[in-house]
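File shown here: run_3.pdb, holding PDB, C-alpha atoms, pLDDT in the B column.
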```pdb
MODEL        1
ATOM      1  CA  MET A   1      -5.775 -41.884 -14.350  1.00 77.00           C
ATOM      2  CA  PHE A   2      -3.648 -40.298 -11.597  1.00 86.00           C
ATOM      3  CA  ARG A   3      -0.877 -39.367 -14.069  1.00 88.00           C
ATOM      4  CA  GLU A   4      -3.365 -37.744 -16.454  1.00 91.00           C
ATOM      5  CA  LYS A   5      -4.834 -35.645 -13.633  1.00 91.00           C
ATOM      6  CA  VAL A   6      -1.358 -34.453 -12.566  1.00 92.00           C
ATOM      7  CA  GLN A   7      -0.455 -33.630 -16.195  1.00 94.00           C
ATOM      8  CA  GLU A   8      -3.703 -31.700 -16.594  1.00 94.00           C
ATOM      9  CA  LEU A   9      -3.042 -29.656 -13.436  1.00 94.00           C
ATOM     10  CA  LEU A  10       0.534 -28.935 -14.533  1.00 95.00           C
ATOM     11  CA  GLN A  11      -0.699 -27.791 -17.938  1.00 95.00           C
ATOM     12  CA  GLU A  12      -3.186 -25.447 -16.244  1.00 94.00           C
ATOM     13  CA  VAL A  13      -0.500 -23.847 -14.063  1.00 94.00           C
ATOM     14  CA  MET A  14       1.861 -23.503 -17.056  1.00 94.00           C
ATOM     15  CA  ASP A  15      -0.941 -21.866 -19.072  1.00 95.00           C
ATOM     16  CA  GLU A  16      -1.548 -19.430 -16.192  1.00 95.00           C
ATOM     17  CA  ASN A  17       2.207 -18.678 -15.991  1.00 94.00           C
ATOM     18  CA  PRO A  18       3.510 -18.672 -19.593  1.00 94.00           C
ATOM     19  CA  SER A  19       7.118 -17.961 -18.572  1.00 94.00           C
ATOM     20  CA  LEU A  20       7.297 -21.372 -16.853  1.00 94.00           C
ATOM     21  CA  PHE A  21       7.614 -24.705 -18.629  1.00 94.00           C
ATOM     22  CA  LEU A  22       7.762 -28.345 -17.648  1.00 94.00           C
ATOM     23  CA  ILE A  23      11.062 -30.194 -17.970  1.00 93.00           C
ATOM     24  CA  ASP A  24      10.119 -33.510 -16.389  1.00 93.00           C
ATOM     25  CA  LEU A  25       7.259 -35.288 -14.654  1.00 94.00           C
ATOM     26  CA  ASP A  26       8.101 -38.564 -12.967  1.00 94.00           C
ATOM     27  CA  ILE A  27       5.602 -40.661 -11.044  1.00 93.00           C
ATOM     28  CA  HIS A  28       6.895 -43.862  -9.524  1.00 90.00           C
ATOM     29  CA  GLY A  29       6.399 -46.154  -6.576  1.00 85.00           C
ATOM     30  CA  ALA A  30       3.385 -45.346  -4.456  1.00 85.00           C
ATOM     31  CA  ASN A  31       2.434 -42.186  -6.390  1.00 88.00           C
ATOM     32  CA  GLU A  32       5.695 -40.418  -5.652  1.00 92.00           C
ATOM     33  CA  VAL A  33       5.417 -37.368  -7.914  1.00 93.00           C
ATOM     34  CA  LYS A  34       8.536 -35.447  -8.927  1.00 95.00           C
ATOM     35  CA  VAL A  35       8.079 -32.316 -11.046  1.00 95.00           C
ATOM     36  CA  VAL A  36      10.977 -30.380 -12.574  1.00 94.00           C
ATOM     37  CA  ILE A  37      10.248 -26.927 -14.015  1.00 94.00           C
ATOM     38  CA  ASP A  38      12.220 -24.191 -15.718  1.00 94.00           C
ATOM     39  CA  GLY A  39      11.383 -20.653 -16.719  1.00 93.00           C
ATOM     40  CA  ASP A  40      12.297 -18.152 -19.386  1.00 91.00           C
ATOM     41  CA  ASN A  41      13.521 -15.870 -16.591  1.00 89.00           C
ATOM     42  CA  GLY A  42      14.599 -18.584 -14.184  1.00 88.00           C
ATOM     43  CA  VAL A  43      12.534 -20.177 -11.427  1.00 92.00           C
ATOM     44  CA  THR A  44      11.965 -18.782  -7.954  1.00 93.00           C
ATOM     45  CA  VAL A  45      11.021 -20.605  -4.775  1.00 94.00           C
ATOM     46  CA  GLU A  46       7.622 -18.921  -5.091  1.00 95.00           C
ATOM     47  CA  ASP A  47       7.189 -20.476  -8.552  1.00 94.00           C
ATOM     48  CA  CYS A  48       7.850 -23.933  -7.120  1.00 95.00           C
ATOM     49  CA  ILE A  49       5.430 -23.297  -4.254  1.00 95.00           C
ATOM     50  CA  MET A  50       2.744 -22.097  -6.681  1.00 95.00           C
ATOM     51  CA  VAL A  51       3.094 -25.206  -8.879  1.00 95.00           C
ATOM     52  CA  SER A  52       3.116 -27.455  -5.816  1.00 95.00           C
ATOM     53  CA  ARG A  53      -0.036 -25.866  -4.405  1.00 94.00           C
ATOM     54  CA  LYS A  54      -1.851 -26.053  -7.740  1.00 93.00           C
ATOM     55  CA  VAL A  55      -1.235 -29.785  -7.935  1.00 92.00           C
ATOM     56  CA  GLU A  56      -1.584 -30.649  -4.251  1.00 92.00           C
ATOM     57  CA  HIS A  57      -4.762 -28.649  -3.606  1.00 91.00           C
ATOM     58  CA  ASN A  58      -6.549 -30.140  -6.609  1.00 91.00           C
ATOM     59  CA  LEU A  59      -5.898 -33.796  -5.866  1.00 87.00           C
ATOM     60  CA  ASP A  60      -7.971 -35.728  -3.361  1.00 83.00           C
ATOM     61  CA  ARG A  61      -5.773 -37.513  -0.826  1.00 80.00           C
ATOM     62  CA  ASP A  62      -8.752 -39.713   0.107  1.00 80.00           C
ATOM     63  CA  GLU A  63      -8.793 -41.082  -3.456  1.00 82.00           C
ATOM     64  CA  GLU A  64      -5.036 -41.314  -4.006  1.00 81.00           C
ATOM     65  CA  ASP A  65      -2.279 -41.007  -1.444  1.00 88.00           C
ATOM     66  CA  PHE A  66       0.780 -39.298  -2.940  1.00 91.00           C
ATOM     67  CA  SER A  67       3.955 -37.402  -2.209  1.00 91.00           C
ATOM     68  CA  LEU A  68       4.886 -34.351  -4.254  1.00 93.00           C
ATOM     69  CA  GLU A  69       8.243 -32.736  -4.936  1.00 94.00           C
ATOM     70  CA  VAL A  70       8.539 -29.660  -7.189  1.00 95.00           C
ATOM     71  CA  MET A  71      11.976 -28.329  -8.085  1.00 94.00           C
ATOM     72  CA  SER A  72      13.671 -26.012 -10.526  1.00 92.00           C
ATOM     73  CA  TYR A  73      15.981 -27.379 -13.181  1.00 91.00           C
ATOM     74  CA  GLY A  74      19.619 -27.166 -12.108  1.00 83.00           C
ATOM     75  CA  ALA A  75      22.013 -24.718 -13.729  1.00 77.00           C
ATOM     76  CA  ALA A  76      24.560 -27.469 -14.345  1.00 81.00           C
ATOM     77  CA  GLY A  77      22.135 -29.800 -16.115  1.00 87.00           C
ATOM     78  CA  PRO A  78      22.145 -30.287 -19.871  1.00 93.00           C
ATOM     79  CA  ILE A  79      19.810 -28.336 -22.115  1.00 94.00           C
ATOM     80  CA  LEU A  80      16.838 -30.548 -22.931  1.00 90.00           C
ATOM     81  CA  ASN A  81      14.522 -28.431 -25.093  1.00 90.00           C
ATOM     82  CA  MET A  82      14.467 -25.473 -27.496  1.00 92.00           C
ATOM     83  CA  ARG A  83      12.998 -23.118 -24.919  1.00 92.00           C
ATOM     84  CA  GLN A  84      16.080 -23.638 -22.751  1.00 94.00           C
ATOM     85  CA  TYR A  85      18.315 -22.748 -25.698  1.00 95.00           C
ATOM     86  CA  LYS A  86      16.342 -19.528 -26.267  1.00 94.00           C
ATOM     87  CA  LYS A  87      16.593 -18.426 -22.646  1.00 92.00           C
ATOM     88  CA  ASN A  88      20.388 -18.838 -22.778  1.00 93.00           C
ATOM     89  CA  ILE A  89      21.111 -16.631 -25.800  1.00 94.00           C
ATOM     90  CA  GLY A  90      24.242 -14.585 -25.019  1.00 95.00           C
ATOM     91  CA  ARG A  91      25.656 -17.188 -22.631  1.00 94.00           C
ATOM     92  CA  THR A  92      28.560 -19.555 -23.255  1.00 95.00           C
ATOM     93  CA  LEU A  93      27.615 -23.134 -24.159  1.00 95.00           C
ATOM     94  CA  THR A  94      29.654 -26.271 -24.493  1.00 96.00           C
ATOM     95  CA  ILE A  95      28.162 -28.623 -27.062  1.00 96.00           C
ATOM     96  CA  LYS A  96      29.075 -32.169 -28.019  1.00 96.00           C
ATOM     97  CA  LEU A  97      28.246 -33.274 -31.552  1.00 96.00           C
ATOM     98  CA  GLU A  98      27.382 -36.715 -32.924  1.00 95.00           C
ATOM     99  CA  ASN A  99      30.773 -36.825 -34.684  1.00 94.00           C
ATOM    100  CA  GLY A 100      32.575 -36.438 -31.330  1.00 93.00           C
ATOM    101  CA  ASP A 101      33.550 -32.776 -31.730  1.00 94.00           C
ATOM    102  CA  LYS A 102      33.248 -30.547 -28.670  1.00 96.00           C
ATOM    103  CA  ILE A 103      32.743 -26.817 -29.195  1.00 95.00           C
ATOM    104  CA  GLU A 104      32.510 -23.975 -26.714  1.00 95.00           C
ATOM    105  CA  GLY A 105      31.081 -20.656 -27.807  1.00 96.00           C
ATOM    106  CA  GLU A 106      28.578 -17.897 -27.195  1.00 97.00           C
ATOM    107  CA  LEU A 107      25.021 -18.783 -28.174  1.00 97.00           C
ATOM    108  CA  GLU A 108      24.055 -16.130 -30.709  1.00 97.00           C
ATOM    109  CA  ASP A 109      20.824 -17.374 -32.270  1.00 96.00           C
ATOM    110  CA  VAL A 110      18.217 -20.119 -31.987  1.00 96.00           C
ATOM    111  CA  THR A 111      15.714 -21.274 -34.606  1.00 95.00           C
ATOM    112  CA  ASP A 112      13.184 -24.101 -34.454  1.00 92.00           C
ATOM    113  CA  ASP A 113      15.832 -26.695 -35.343  1.00 93.00           C
ATOM    114  CA  SER A 114      19.271 -25.094 -35.033  1.00 95.00           C
ATOM    115  CA  VAL A 115      21.582 -23.024 -32.841  1.00 96.00           C
ATOM    116  CA  THR A 116      24.332 -20.608 -33.847  1.00 97.00           C
ATOM    117  CA  LEU A 117      27.529 -20.304 -31.815  1.00 97.00           C
ATOM    118  CA  TYR A 118      30.325 -17.707 -31.986  1.00 97.00           C
ATOM    119  CA  TRP A 119      33.848 -18.360 -30.695  1.00 96.00           C
ATOM    120  CA  LYS A 120      37.491 -17.436 -31.170  1.00 94.00           C
ATOM    121  CA  THR A 121      40.194 -19.977 -31.817  1.00 92.00           C
ATOM    122  CA  ARG A 122      43.934 -20.054 -32.547  1.00 92.00           C
ATOM    123  CA  GLU A 123      44.843 -21.569 -35.911  1.00 91.00           C
ATOM    124  CA  PRO A 124      48.118 -21.894 -37.803  1.00 91.00           C
ATOM    125  CA  LYS A 125      48.916 -18.933 -40.056  1.00 89.00           C
ATOM    126  CA  PRO A 126      48.174 -19.559 -43.735  1.00 86.00           C
ATOM    127  CA  VAL A 127      51.785 -18.608 -44.536  1.00 86.00           C
ATOM    128  CA  GLY A 128      54.753 -18.816 -42.193  1.00 85.00           C
ATOM    129  CA  LYS A 129      55.120 -19.963 -38.624  1.00 89.00           C
ATOM    130  CA  GLY A 130      52.931 -19.186 -35.649  1.00 90.00           C
ATOM    131  CA  LYS A 131      49.234 -18.907 -35.054  1.00 93.00           C
ATOM    132  CA  VAL A 132      46.561 -16.321 -35.618  1.00 92.00           C
ATOM    133  CA  THR A 133      43.283 -15.751 -33.742  1.00 93.00           C
ATOM    134  CA  VAL A 134      40.273 -16.526 -35.919  1.00 93.00           C
ATOM    135  CA  GLU A 135      36.649 -15.660 -35.157  1.00 95.00           C
ATOM    136  CA  LYS A 136      34.142 -18.354 -36.089  1.00 95.00           C
ATOM    137  CA  THR A 137      30.382 -18.469 -36.293  1.00 96.00           C
ATOM    138  CA  GLU A 138      28.674 -21.744 -37.102  1.00 96.00           C
ATOM    139  CA  THR A 139      25.123 -23.039 -37.085  1.00 96.00           C
ATOM    140  CA  PHE A 140      24.450 -26.549 -35.803  1.00 96.00           C
ATOM    141  CA  LEU A 141      21.310 -28.620 -36.199  1.00 95.00           C
ATOM    142  CA  VAL A 142      19.932 -29.556 -32.787  1.00 95.00           C
ATOM    143  CA  LYS A 143      19.534 -33.162 -33.943  1.00 95.00           C
ATOM    144  CA  GLU A 144      23.354 -33.312 -34.382  1.00 95.00           C
ATOM    145  CA  ILE A 145      23.972 -32.157 -30.794  1.00 96.00           C
ATOM    146  CA  THR A 146      24.277 -35.004 -28.298  1.00 96.00           C
ATOM    147  CA  GLU A 147      24.726 -32.725 -25.276  1.00 96.00           C
ATOM    148  CA  ALA A 148      24.628 -28.990 -24.604  1.00 96.00           C
ATOM    149  CA  LYS A 149      25.441 -27.324 -21.293  1.00 95.00           C
ATOM    150  CA  VAL A 150      25.666 -23.732 -20.176  1.00 94.00           C
ATOM    151  CA  LYS A 151      29.154 -22.913 -18.959  1.00 92.00           C
ATOM    152  CA  ILE A 152      28.896 -21.323 -15.552  1.00 86.00           C
ATOM    153  CA  LYS A 153      31.363 -18.469 -15.054  1.00 80.00           C
ATOM    154  CA  PHE A 154      32.324 -17.005 -11.708  1.00 77.00           C
TER     155      PHE A 154
ENDMDL
END
```
Could you write out this structure as structure tokens?
Amino acid sequence: MFREKVQELLQEVMDENPSLFLIDLDIHGANEVKVVIDGDNGVTVEDCIMVSRKVEHNLDRDEEDFSLEVMSYGAAGPILNMRQYKKNIGRTLTIKLENGDKIEGELEDVTDDSVTLYWKTREPKPVGKGKVTVEKTETFLVKEITEAKVKIKF
């Protein structure tokens, strides 16, 4: 019952703020609630406060005692859903595939079930010695990707 109420309140706040989306809801122990959110344009401290207030002010502490923690999804964490792929178009991703391959490239496009990456690589010349720079673009099915992370550049 408590979990359903929290989920309902989170859905309301996400509906009111369509640029935000839920990454994780974890309730454990003595109603220790941990909410992780992300946004199409990032997440501000004010966004976290707004979500926290929406949940906290609509739950009765006399009925259920709880603790609440609302946080934004970390920049170094793996991509977990399609909306996160879409918000990172134009950024460099490192993906690991089911077959063990690891590819780093610029995220060019996202569909409902695939992502397209662009990268440059050095390959042996077709004739003669040495290497040549080759530009590659490839589309990968999301179900073949075991991990995807945004590469942070400084």
Rounded to one decimal, what separation in Å do you get between atom CA of A:Lys149 and atom CA of A:Lys120?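 Interatomic distance here is 18.5 Å.
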Run the PyMOL selection byres ((chain A and resi 89) around 8) against the file shown and list the residues it catches, as JSON, numbers by chain. {"A": [85, 86, 87, 88, 90, 91, 106, 107, 108, 109, 110]}
Separation of atom CA of A:Ser67 from atom CA of A:Ile27, in Å and rounded to one decimal: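 The value is 9.6 Å.
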When distances are computed from only C-alpha atoms, which of A:Val43, A:Val51, A:Val115, A:Ile37 shows the smallest separation from A:Val13? A:Val51
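With only C-alpha atoms as the basis for measurement, A:Ile145 is the residue among A:Ile145, A:Met14, A:Ile49, A:Lys153 that approaches A:Glu98 most closely.
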Give as a ChimeraX atom specification the residues that the PyMOL selection byres ((chain A and resi 143) around 10) matches when applied to the coordinates above. /A:97-98,113-114,140-142,144-146
Which residues are near A:Lys102? Cut-off 10 Å, only C-alpha atoms, ignore same chain within fewer than 5 positions. Put them as JSON, numbers by chain. {"A": [94, 95, 96, 97, 145, 147, 148]}
Which of A:Met71, A:Arg83, A:Arg61, A:Phe66 sits closest to A:Pro18 [using only C-alpha atoms]: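 So, comparing all the options, the nearest one is A:Arg83.
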Give me the residues of stretch 49-135 of chain A that have any atom at most 9 Å from an atom of stretch 21-26 of chain A; for each, the nearest atom pair and the distance in Å, rounded to one decimal. Use only C-alpha atoms, sort by chain and number, and format it as a Markdown table.
```
| residue | atom | partner | partner_atom | distance |
| --- | --- | --- | --- | --- |
| A:Ser72 | CA | A:Ile23 | CA | 8.9 |
| A:Tyr73 | CA | A:Ile23 | CA | 7.4 |
| A:Leu80 | CA | A:Ile23 | CA | 7.6 |
| A:Asn81 | CA | A:Ile23 | CA | 8.1 |
| A:Arg83 | CA | A:Phe21 | CA | 8.4 |
```
Using the chain letters and numbering of this document, enumerate as a PDB file with C-alpha atoms, in the coordinates of the input the residues selected by the PyMOL selection byres ((chain A and resi 129-136) around 10).
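Contents of expr.pdb, as written:
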```
ATOM      1  CA  GLY A 105      31.081 -20.656 -27.807  1.00 96.00           C
ATOM      2  CA  LEU A 117      27.529 -20.304 -31.815  1.00 97.00           C
ATOM      3  CA  TYR A 118      30.325 -17.707 -31.986  1.00 97.00           C
ATOM      4  CA  TRP A 119      33.848 -18.360 -30.695  1.00 96.00           C
ATOM      5  CA  LYS A 120      37.491 -17.436 -31.170  1.00 94.00           C
ATOM      6  CA  THR A 121      40.194 -19.977 -31.817  1.00 92.00           C
ATOM      7  CA  ARG A 122      43.934 -20.054 -32.547  1.00 92.00           C
ATOM      8  CA  GLU A 123      44.843 -21.569 -35.911  1.00 91.00           C
ATOM      9  CA  PRO A 124      48.118 -21.894 -37.803  1.00 91.00           C
ATOM     10  CA  LYS A 125      48.916 -18.933 -40.056  1.00 89.00           C
ATOM     11  CA  PRO A 126      48.174 -19.559 -43.735  1.00 86.00           C
ATOM     12  CA  VAL A 127      51.785 -18.608 -44.536  1.00 86.00           C
ATOM     13  CA  GLY A 128      54.753 -18.816 -42.193  1.00 85.00           C
ATOM     14  CA  THR A 137      30.382 -18.469 -36.293  1.00 96.00           C
ATOM     15  CA  GLU A 138      28.674 -21.744 -37.102  1.00 96.00           C
TER      16      GLU A 138
END
```
